[in-house]
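Text of upload-v3.pdb (PDB, C-alpha atoms, pLDDT in the B column) as supplied:
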```
ATOM      1  CA  MET A   1      -2.480  26.501 -13.632  1.00 38.00           C
ATOM      2  CA  LEU A   2      -0.641  23.664 -11.945  1.00 41.00           C
ATOM      3  CA  PHE A   3       0.469  23.882  -8.339  1.00 37.00           C
ATOM      4  CA  GLU A   4       3.683  22.050  -7.587  1.00 40.00           C
ATOM      5  CA  SER A   5       4.068  21.049  -3.971  1.00 44.00           C
ATOM      6  CA  LYS A   6       7.670  20.265  -3.048  1.00 48.00           C
ATOM      7  CA  LYS A   7       8.289  17.524  -0.514  1.00 57.00           C
ATOM      8  CA  MET A   8       9.501  18.664   2.877  1.00 62.00           C
ATOM      9  CA  TYR A   9      12.985  17.865   4.110  1.00 61.00           C
ATOM     10  CA  ASP A  10      13.141  15.581   7.153  1.00 59.00           C
ATOM     11  CA  ASN A  11      14.100  18.455   9.457  1.00 62.00           C
ATOM     12  CA  GLN A  12      11.016  20.384   8.302  1.00 80.00           C
ATOM     13  CA  VAL A  13       8.743  17.381   8.808  1.00 84.00           C
ATOM     14  CA  GLY A  14       9.643  17.253  12.499  1.00 84.00           C
ATOM     15  CA  GLN A  15       8.478  20.828  13.003  1.00 86.00           C
ATOM     16  CA  TRP A  16       5.336  20.087  10.983  1.00 91.00           C
ATOM     17  CA  ILE A  17       4.528  17.154  13.300  1.00 92.00           C
ATOM     18  CA  LYS A  18       5.151  19.282  16.390  1.00 91.00           C
ATOM     19  CA  ASN A  19       2.906  22.100  15.140  1.00 92.00           C
ATOM     20  CA  LEU A  20       0.140  19.706  14.064  1.00 92.00           C
ATOM     21  CA  LEU A  21       0.061  18.014  17.461  1.00 94.00           C
ATOM     22  CA  LYS A  22       0.243  21.325  19.323  1.00 94.00           C
ATOM     23  CA  ASN A  23      -2.829  22.543  17.451  1.00 94.00           C
ATOM     24  CA  ARG A  24      -4.632  19.348  18.473  1.00 94.00           C
ATOM     25  CA  GLY A  25      -3.625  19.648  22.122  1.00 95.00           C
ATOM     26  CA  TYR A  26      -0.771  17.140  22.223  1.00 96.00           C
ATOM     27  CA  GLY A  27       2.976  17.237  22.776  1.00 95.00           C
ATOM     28  CA  ILE A  28       5.720  14.920  21.499  1.00 94.00           C
ATOM     29  CA  GLU A  29       9.168  14.043  22.825  1.00 91.00           C
ATOM     30  CA  PRO A  30      12.112  14.815  20.488  1.00 86.00           C
ATOM     31  CA  LYS A  31      13.092  11.142  20.124  1.00 82.00           C
ATOM     32  CA  ALA A  32       9.505  10.110  19.333  1.00 87.00           C
ATOM     33  CA  MET A  33       9.309  12.829  16.686  1.00 87.00           C
ATOM     34  CA  ALA A  34      12.642  11.749  15.216  1.00 81.00           C
ATOM     35  CA  MET A  35      11.471   8.135  15.095  1.00 80.00           C
ATOM     36  CA  LEU A  36       8.320   9.081  13.185  1.00 84.00           C
ATOM     37  CA  VAL A  37      10.371  10.977  10.610  1.00 81.00           C
ATOM     38  CA  GLU A  38      12.899   8.145  10.407  1.00 73.00           C
ATOM     39  CA  PHE A  39      10.306   5.439   9.829  1.00 74.00           C
ATOM     40  CA  LEU A  40       7.750   7.310   7.743  1.00 77.00           C
ATOM     41  CA  GLY A  41       9.946   9.836   5.904  1.00 73.00           C
ATOM     42  CA  ASN A  42       8.173  12.869   4.490  1.00 73.00           C
ATOM     43  CA  ASP A  43       4.897  11.152   3.612  1.00 78.00           C
ATOM     44  CA  LEU A  44       2.702  13.672   5.424  1.00 86.00           C
ATOM     45  CA  SER A  45      -0.588  11.856   4.813  1.00 86.00           C
ATOM     46  CA  ARG A  46       0.796   8.632   6.282  1.00 84.00           C
ATOM     47  CA  ILE A  47       2.228  10.500   9.276  1.00 89.00           C
ATOM     48  CA  ALA A  48      -1.134  12.223   9.839  1.00 90.00           C
ATOM     49  CA  ASN A  49      -2.913   8.843   9.728  1.00 89.00           C
ATOM     50  CA  GLU A  50      -0.549   7.350  12.313  1.00 89.00           C
ATOM     51  CA  LEU A  51      -0.964  10.396  14.574  1.00 92.00           C
ATOM     52  CA  ASN A  52      -4.742  10.020  14.299  1.00 92.00           C
ATOM     53  CA  LYS A  53      -4.378   6.481  15.700  1.00 89.00           C
ATOM     54  CA  LEU A  54      -2.428   7.790  18.679  1.00 92.00           C
ATOM     55  CA  GLU A  55      -4.968  10.528  19.325  1.00 92.00           C
ATOM     56  CA  ILE A  56      -7.736   7.914  19.576  1.00 92.00           C
ATOM     57  CA  ILE A  57      -5.986   6.110  22.427  1.00 93.00           C
ATOM     58  CA  LEU A  58      -4.280   9.027  24.201  1.00 93.00           C
ATOM     59  CA  PRO A  59      -6.204  11.710  26.094  1.00 93.00           C
ATOM     60  CA  LYS A  60      -5.753  15.341  25.093  1.00 93.00           C
ATOM     61  CA  GLY A  61      -2.846  16.985  26.837  1.00 94.00           C
ATOM     62  CA  SER A  62      -0.707  13.813  26.514  1.00 94.00           C
ATOM     63  CA  THR A  63       2.895  13.889  25.353  1.00 95.00           C
ATOM     64  CA  ILE A  64       3.711  11.213  22.787  1.00 95.00           C
ATOM     65  CA  THR A  65       6.775   9.168  23.780  1.00 92.00           C
ATOM     66  CA  PRO A  66       8.976   6.648  21.920  1.00 86.00           C
ATOM     67  CA  HIS A  67       7.097   3.922  23.827  1.00 86.00           C
ATOM     68  CA  HIS A  68       3.806   5.089  22.289  1.00 90.00           C
ATOM     69  CA  ILE A  69       5.377   4.955  18.818  1.00 86.00           C
ATOM     70  CA  GLU A  70       6.790   1.452  19.348  1.00 80.00           C
ATOM     71  CA  GLU A  71       3.588   0.051  20.878  1.00 82.00           C
ATOM     72  CA  ASN A  72       1.040   1.549  18.516  1.00 84.00           C
ATOM     73  CA  ILE A  73       2.645   2.152  15.143  1.00 78.00           C
ATOM     74  CA  GLY A  74       3.973  -1.365  14.737  1.00 65.00           C
ATOM     75  CA  PHE A  75       7.706  -0.866  15.123  1.00 68.00           C
ATOM     76  CA  SER A  76       9.712  -3.480  16.958  1.00 70.00           C
ATOM     77  CA  LYS A  77      11.478  -1.796  19.883  1.00 70.00           C
ATOM     78  CA  ASP A  78      14.844  -3.460  19.257  1.00 79.00           C
ATOM     79  CA  PHE A  79      14.631  -4.624  15.651  1.00 85.00           C
ATOM     80  CA  ASN A  80      13.901  -1.661  13.423  1.00 85.00           C
ATOM     81  CA  VAL A  81      15.734   0.411  10.828  1.00 84.00           C
ATOM     82  CA  PHE A  82      16.362   3.126  13.413  1.00 81.00           C
ATOM     83  CA  GLU A  83      18.305   0.696  15.656  1.00 87.00           C
ATOM     84  CA  PHE A  84      19.918  -1.002  12.635  1.00 93.00           C
ATOM     85  CA  ARG A  85      21.389   2.247  11.371  1.00 91.00           C
ATOM     86  CA  LYS A  86      22.499   3.214  14.872  1.00 90.00           C
ATOM     87  CA  ALA A  87      24.257  -0.154  15.377  1.00 95.00           C
ATOM     88  CA  ILE A  88      26.048   0.281  12.045  1.00 97.00           C
ATOM     89  CA  GLY A  89      27.118   3.827  12.947  1.00 96.00           C
ATOM     90  CA  GLU A  90      28.517   2.576  16.264  1.00 96.00           C
ATOM     91  CA  ARG A  91      30.173  -0.419  14.536  1.00 96.00           C
ATOM     92  CA  ASN A  92      28.190  -2.720  16.823  1.00 96.00           C
ATOM     93  CA  GLN A  93      28.483  -5.725  14.537  1.00 97.00           C
ATOM     94  CA  LEU A  94      26.689  -8.214  16.802  1.00 97.00           C
ATOM     95  CA  LYS A  95      23.586  -6.037  17.085  1.00 96.00           C
ATOM     96  CA  ALA A  96      23.616  -5.134  13.378  1.00 97.00           C
ATOM     97  CA  TYR A  97      23.718  -8.820  12.361  1.00 97.00           C
ATOM     98  CA  GLN A  98      20.977  -9.697  14.875  1.00 96.00           C
ATOM     99  CA  ILE A  99      18.706  -7.033  13.387  1.00 95.00           C
ATOM    100  CA  ALA A 100      19.609  -8.121   9.847  1.00 96.00           C
ATOM    101  CA  ASN A 101      18.563 -11.688  10.701  1.00 94.00           C
ATOM    102  CA  TYR A 102      15.266 -10.389  12.064  1.00 93.00           C
ATOM    103  CA  PHE A 103      14.711  -8.368   8.867  1.00 93.00           C
ATOM    104  CA  ALA A 104      15.443 -11.450   6.736  1.00 93.00           C
ATOM    105  CA  GLN A 105      12.780 -13.399   8.660  1.00 91.00           C
ATOM    106  CA  ASN A 106      10.270 -10.541   8.483  1.00 87.00           C
ATOM    107  CA  GLN A 107      10.712  -9.352   4.910  1.00 86.00           C
ATOM    108  CA  LYS A 108       7.194  -8.009   4.486  1.00 83.00           C
ATOM    109  CA  ASP A 109       7.630  -5.448   7.280  1.00 80.00           C
ATOM    110  CA  ASN A 110      11.272  -4.728   6.449  1.00 84.00           C
ATOM    111  CA  PRO A 111      11.723  -4.659   2.664  1.00 87.00           C
ATOM    112  CA  ILE A 112      15.352  -4.653   1.554  1.00 90.00           C
ATOM    113  CA  VAL A 113      14.810  -1.702  -0.795  1.00 88.00           C
ATOM    114  CA  MET A 114      13.668   0.502   2.108  1.00 86.00           C
ATOM    115  CA  THR A 115      16.367  -0.757   4.492  1.00 91.00           C
ATOM    116  CA  ASN A 116      19.118  -0.233   1.931  1.00 93.00           C
ATOM    117  CA  GLY A 117      17.698   3.176   1.014  1.00 90.00           C
ATOM    118  CA  LEU A 118      17.792   4.427   4.611  1.00 88.00           C
ATOM    119  CA  VAL A 119      21.322   3.102   5.194  1.00 94.00           C
ATOM    120  CA  PHE A 120      22.384   4.669   1.878  1.00 95.00           C
ATOM    121  CA  SER A 121      20.946   8.054   2.888  1.00 91.00           C
ATOM    122  CA  PHE A 122      22.807   7.794   6.216  1.00 93.00           C
ATOM    123  CA  PHE A 123      26.185   7.195   4.589  1.00 97.00           C
ATOM    124  CA  SER A 124      25.539   9.807   1.884  1.00 95.00           C
ATOM    125  CA  ALA A 125      24.887  12.342   4.653  1.00 94.00           C
ATOM    126  CA  LEU A 126      27.951  11.064   6.553  1.00 96.00           C
ATOM    127  CA  LEU A 127      30.062  11.746   3.472  1.00 96.00           C
ATOM    128  CA  GLN A 128      28.673  15.278   3.455  1.00 96.00           C
ATOM    129  CA  PHE A 129      29.316  15.591   7.208  1.00 97.00           C
ATOM    130  CA  HIS A 130      32.995  14.682   6.702  1.00 97.00           C
ATOM    131  CA  GLY A 131      33.272  17.579   4.260  1.00 96.00           C
ATOM    132  CA  LEU A 132      31.824  20.194   6.635  1.00 95.00           C
ATOM    133  CA  LYS A 133      34.146  22.817   8.033  1.00 95.00           C
ATOM    134  CA  ASP A 134      31.628  23.678  10.735  1.00 95.00           C
ATOM    135  CA  LYS A 135      30.590  20.384  12.311  1.00 93.00           C
ATOM    136  CA  SER A 136      28.603  21.964  15.158  1.00 92.00           C
ATOM    137  CA  PRO A 137      25.264  20.170  15.772  1.00 90.00           C
ATOM    138  CA  GLY A 138      23.217  23.173  14.676  1.00 91.00           C
ATOM    139  CA  ASN A 139      25.048  23.644  11.404  1.00 94.00           C
ATOM    140  CA  ALA A 140      25.248  19.907  10.681  1.00 94.00           C
ATOM    141  CA  ALA A 141      21.475  19.492  11.180  1.00 89.00           C
ATOM    142  CA  LYS A 142      20.818  22.426   8.854  1.00 90.00           C
ATOM    143  CA  VAL A 143      23.200  21.330   6.080  1.00 93.00           C
ATOM    144  CA  LEU A 144      22.365  17.612   6.240  1.00 91.00           C
ATOM    145  CA  LYS A 145      18.642  18.413   6.531  1.00 85.00           C
ATOM    146  CA  VAL A 146      18.173  15.983   9.407  1.00 82.00           C
ATOM    147  CA  SER A 147      16.648  16.256  12.860  1.00 78.00           C
ATOM    148  CA  PRO A 148      19.113  17.723  15.395  1.00 80.00           C
ATOM    149  CA  TYR A 149      18.372  14.582  17.429  1.00 78.00           C
ATOM    150  CA  PHE A 150      20.335  12.490  14.901  1.00 82.00           C
ATOM    151  CA  VAL A 151      23.445  14.687  14.596  1.00 89.00           C
ATOM    152  CA  GLN A 152      25.233  12.797  17.381  1.00 89.00           C
ATOM    153  CA  ASP A 153      24.856   9.628  15.298  1.00 90.00           C
ATOM    154  CA  TYR A 154      26.831  11.277  12.500  1.00 94.00           C
ATOM    155  CA  ILE A 155      29.495  12.605  14.878  1.00 94.00           C
ATOM    156  CA  SER A 156      29.947   9.106  16.312  1.00 93.00           C
ATOM    157  CA  ALA A 157      29.932   7.406  12.894  1.00 96.00           C
ATOM    158  CA  ALA A 158      32.489   9.886  11.512  1.00 97.00           C
ATOM    159  CA  HIS A 159      35.004   8.557  14.077  1.00 96.00           C
ATOM    160  CA  ASN A 160      34.307   4.974  13.013  1.00 97.00           C
ATOM    161  CA  TYR A 161      34.245   5.490   9.250  1.00 98.00           C
ATOM    162  CA  PRO A 162      36.891   7.684   7.555  1.00 97.00           C
ATOM    163  CA  MET A 163      35.800   9.555   4.426  1.00 96.00           C
ATOM    164  CA  LYS A 164      37.532   7.080   2.064  1.00 96.00           C
ATOM    165  CA  LYS A 165      35.715   4.140   3.694  1.00 97.00           C
ATOM    166  CA  VAL A 166      32.383   5.979   3.514  1.00 97.00           C
ATOM    167  CA  SER A 167      32.884   6.492  -0.235  1.00 97.00           C
ATOM    168  CA  ALA A 168      33.484   2.744  -0.663  1.00 97.00           C
ATOM    169  CA  ILE A 169      30.384   1.923   1.425  1.00 97.00           C
ATOM    170  CA  VAL A 170      28.215   4.223  -0.710  1.00 97.00           C
ATOM    171  CA  GLY A 171      29.415   2.271  -3.762  1.00 96.00           C
ATOM    172  CA  THR A 172      28.525  -1.041  -2.072  1.00 95.00           C
ATOM    173  CA  LEU A 173      25.048   0.212  -1.188  1.00 96.00           C
ATOM    174  CA  ARG A 174      24.464   1.364  -4.775  1.00 95.00           C
ATOM    175  CA  SER A 175      25.332  -2.140  -5.962  1.00 93.00           C
ATOM    176  CA  ILE A 176      22.958  -3.711  -3.421  1.00 93.00           C
ATOM    177  CA  ASP A 177      20.196  -1.331  -4.513  1.00 91.00           C
ATOM    178  CA  VAL A 178      20.511  -2.651  -8.077  1.00 89.00           C
ATOM    179  CA  LYS A 179      20.580  -6.276  -6.898  1.00 88.00           C
ATOM    180  CA  SER A 180      17.608  -5.755  -4.564  1.00 87.00           C
ATOM    181  CA  LYS A 181      15.550  -4.825  -7.598  1.00 82.00           C
ATOM    182  CA  GLY A 182      16.503  -8.103  -9.288  1.00 75.00           C
ATOM    183  CA  VAL A 183      18.984  -6.652 -11.776  1.00 67.00           C
ATOM    184  CA  GLY A 184      21.923  -8.924 -12.573  1.00 58.00           C
ATOM    185  CA  ALA A 185      21.650 -11.000  -9.423  1.00 50.00           C
ATOM    186  CA  ASN A 186      18.814 -13.432 -10.208  1.00 58.00           C
ATOM    187  CA  ALA A 187      16.841 -12.084  -7.240  1.00 64.00           C
ATOM    188  CA  LEU A 188      19.237 -12.922  -4.426  1.00 76.00           C
ATOM    189  CA  PRO A 189      17.582 -13.847  -1.110  1.00 84.00           C
ATOM    190  CA  HIS A 190      16.833 -10.952   1.233  1.00 87.00           C
ATOM    191  CA  GLY A 191      19.180 -12.302   3.927  1.00 90.00           C
ATOM    192  CA  ASP A 192      22.095 -12.651   1.492  1.00 93.00           C
ATOM    193  CA  LEU A 193      21.796  -9.035   0.429  1.00 94.00           C
ATOM    194  CA  LEU A 194      21.724  -7.840   4.037  1.00 96.00           C
ATOM    195  CA  LYS A 195      24.798  -9.964   4.776  1.00 95.00           C
ATOM    196  CA  GLU A 196      26.563  -8.535   1.733  1.00 95.00           C
ATOM    197  CA  MET A 197      25.643  -5.039   2.920  1.00 97.00           C
ATOM    198  CA  LEU A 198      27.118  -5.562   6.387  1.00 97.00           C
ATOM    199  CA  ILE A 199      30.278  -7.261   5.089  1.00 97.00           C
ATOM    200  CA  GLY A 200      30.832  -4.277   2.781  1.00 96.00           C
ATOM    201  CA  ILE A 201      30.308  -1.860   5.671  1.00 97.00           C
ATOM    202  CA  PHE A 202      32.312  -3.566   8.416  1.00 96.00           C
ATOM    203  CA  ASN A 203      35.220  -5.093   6.456  1.00 93.00           C
TER     204      ASN A 203
END
```

Translate this file's structure into structure tokens.
Amino acid sequence: MLFESKKMYDNQVGQWIKNLLKNRGYGIEPKAMAMLVEFLGNDLSRIANELNKLEIILPKGSTITPHHIEENIGFSKDFNVFEFRKAIGERNQLKAYQIANYFAQNQKDNPIVMTNGLVFSFFSALLQFHGLKDKSPGNAAKVLKVSPYFVQDYISAAHNYPMKKVSAIVGTLRSIDVKSKGVGANALPHGDLLKEMLIGIFN
């Protein structure tokens, strides 16, 4: 008899992290928890491994903060997918292009397929958010299956990107996904694809 284990949704992963740490005698700030989910997705074994690293350096009873995540799990404080997506949602073009340039120079740590995938999931959820009758944070987090911490990002982005524009952006990101895998674009440079992504989003 085969046992099929379904992957957790991001909003379930956050609770899983909180419970795991509580059982081990640690706490975690909401933003730090959201960052872990954002960067590591629902790969529970990878999350557990990263938490083990933190437990080695932090005494029991500690509360894990965003600073701990940035310092010890290898995320750049200012140049990461979390900040990239936030800059895009806020239409902060200068910051988005700065982060894109950093990604282009550090391709190994910031693969285009992962970056595009996370931006795509953001705009797909934003499209869904536009269609909600009840846009309250609690309902939005439940329907979009995201951490309540991120709902404000969707509320802000919804003001900056009307539904019609979001639909066009989703199409652009699908095209970039194909090109990032070397289909029909003769393996365009990483930086060019990021530039194409941002032009499609901001223009």

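The residues caught by the PyMOL selection byres ((chain A and resi 121) around 12) in this file are Asp10, Glu38, Gly41, Arg85, Met114, Thr115, Asn116, Gly117, Leu118, Val119, Phe120, Phe122, Phe123, Ser124, Ala125, Leu126, Leu127, Gln128, Leu144, Lys145, Val146, Tyr154, Val166, Ile169, Val170, Leu173, Arg174 and Asp177 of chain A.
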
Practice task
Tell me which of A:Gly131, A:Pro59, A:Pro137, A:Gly191 sits closest to A:Lys164, counting all atoms listed in the file.
Solution key: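 Of A:Gly131, A:Pro59, A:Pro137, A:Gly191, the one nearest A:Lys164, counting all atoms listed in the file, is A:Gly131.
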
Practice task
Just the residues within 7 Å of stretch 66-78 of chain A, please, counting all atoms listed in the file, with nothing from its chain fewer than 3 positions along; format it as a PyMOL selection string.
Solution key: chain A and resi 31-32+50+83

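Here atom CA of A:Gly25 is placed at a distance of 28.9 Å from atom CA of A:Asn80.
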
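With atom CA of A:Val37 on one side and atom CA of A:Gly14 on the other, the separation reads 6.6 Å.
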
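Atom to atom, atom CA of A:Asn52 and atom CA of A:Ile28 stand 13.6 Å apart.
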
Problem - Residues selected by the PyMOL selection byres ((chain A and resi 92-95) around 12), written as a PyMOL selection string - result: chain A and resi 78-81+83-91+96-102+156-157+160+195+197-199+201-203

For stretch 85-93 of chain A, I'd like the enclosing box, axis-aligned and padded by 5 Å on every side, reported as lines of an AutoDock Vina configuration file with centre and edge lengths in Å to one decimal.
```
center_x = 25.8
center_y = -0.9
center_z = 14.1
size_x = 18.8
size_y = 19.6
size_z = 15.5
```

Exercise for the section: Find the residues near A:Leu44: any atom within 10 Å, counting all atoms listed in the file, skip ones fewer than 2 places away on the same chain, and give them as a VMD selection string. Expected result: chain A and resid 7 to 8 13 16 to 17 37 40 to 42 46 to 50

Practice task
Point out the residue among A:Leu193, A:Leu36, A:Ile64, A:Ala141 with the least atom-to-atom distance to A:Thr172, counting all atoms listed in the file.
Solution key: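 Closest residue, counting all atoms listed in the file: A:Leu193.
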
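Residue nearest A:Asn106 within the list A:His190, A:Leu51, A:Val143, A:Met163: A:His190 [criterion: smallest interatomic distance, only C-alpha atoms].
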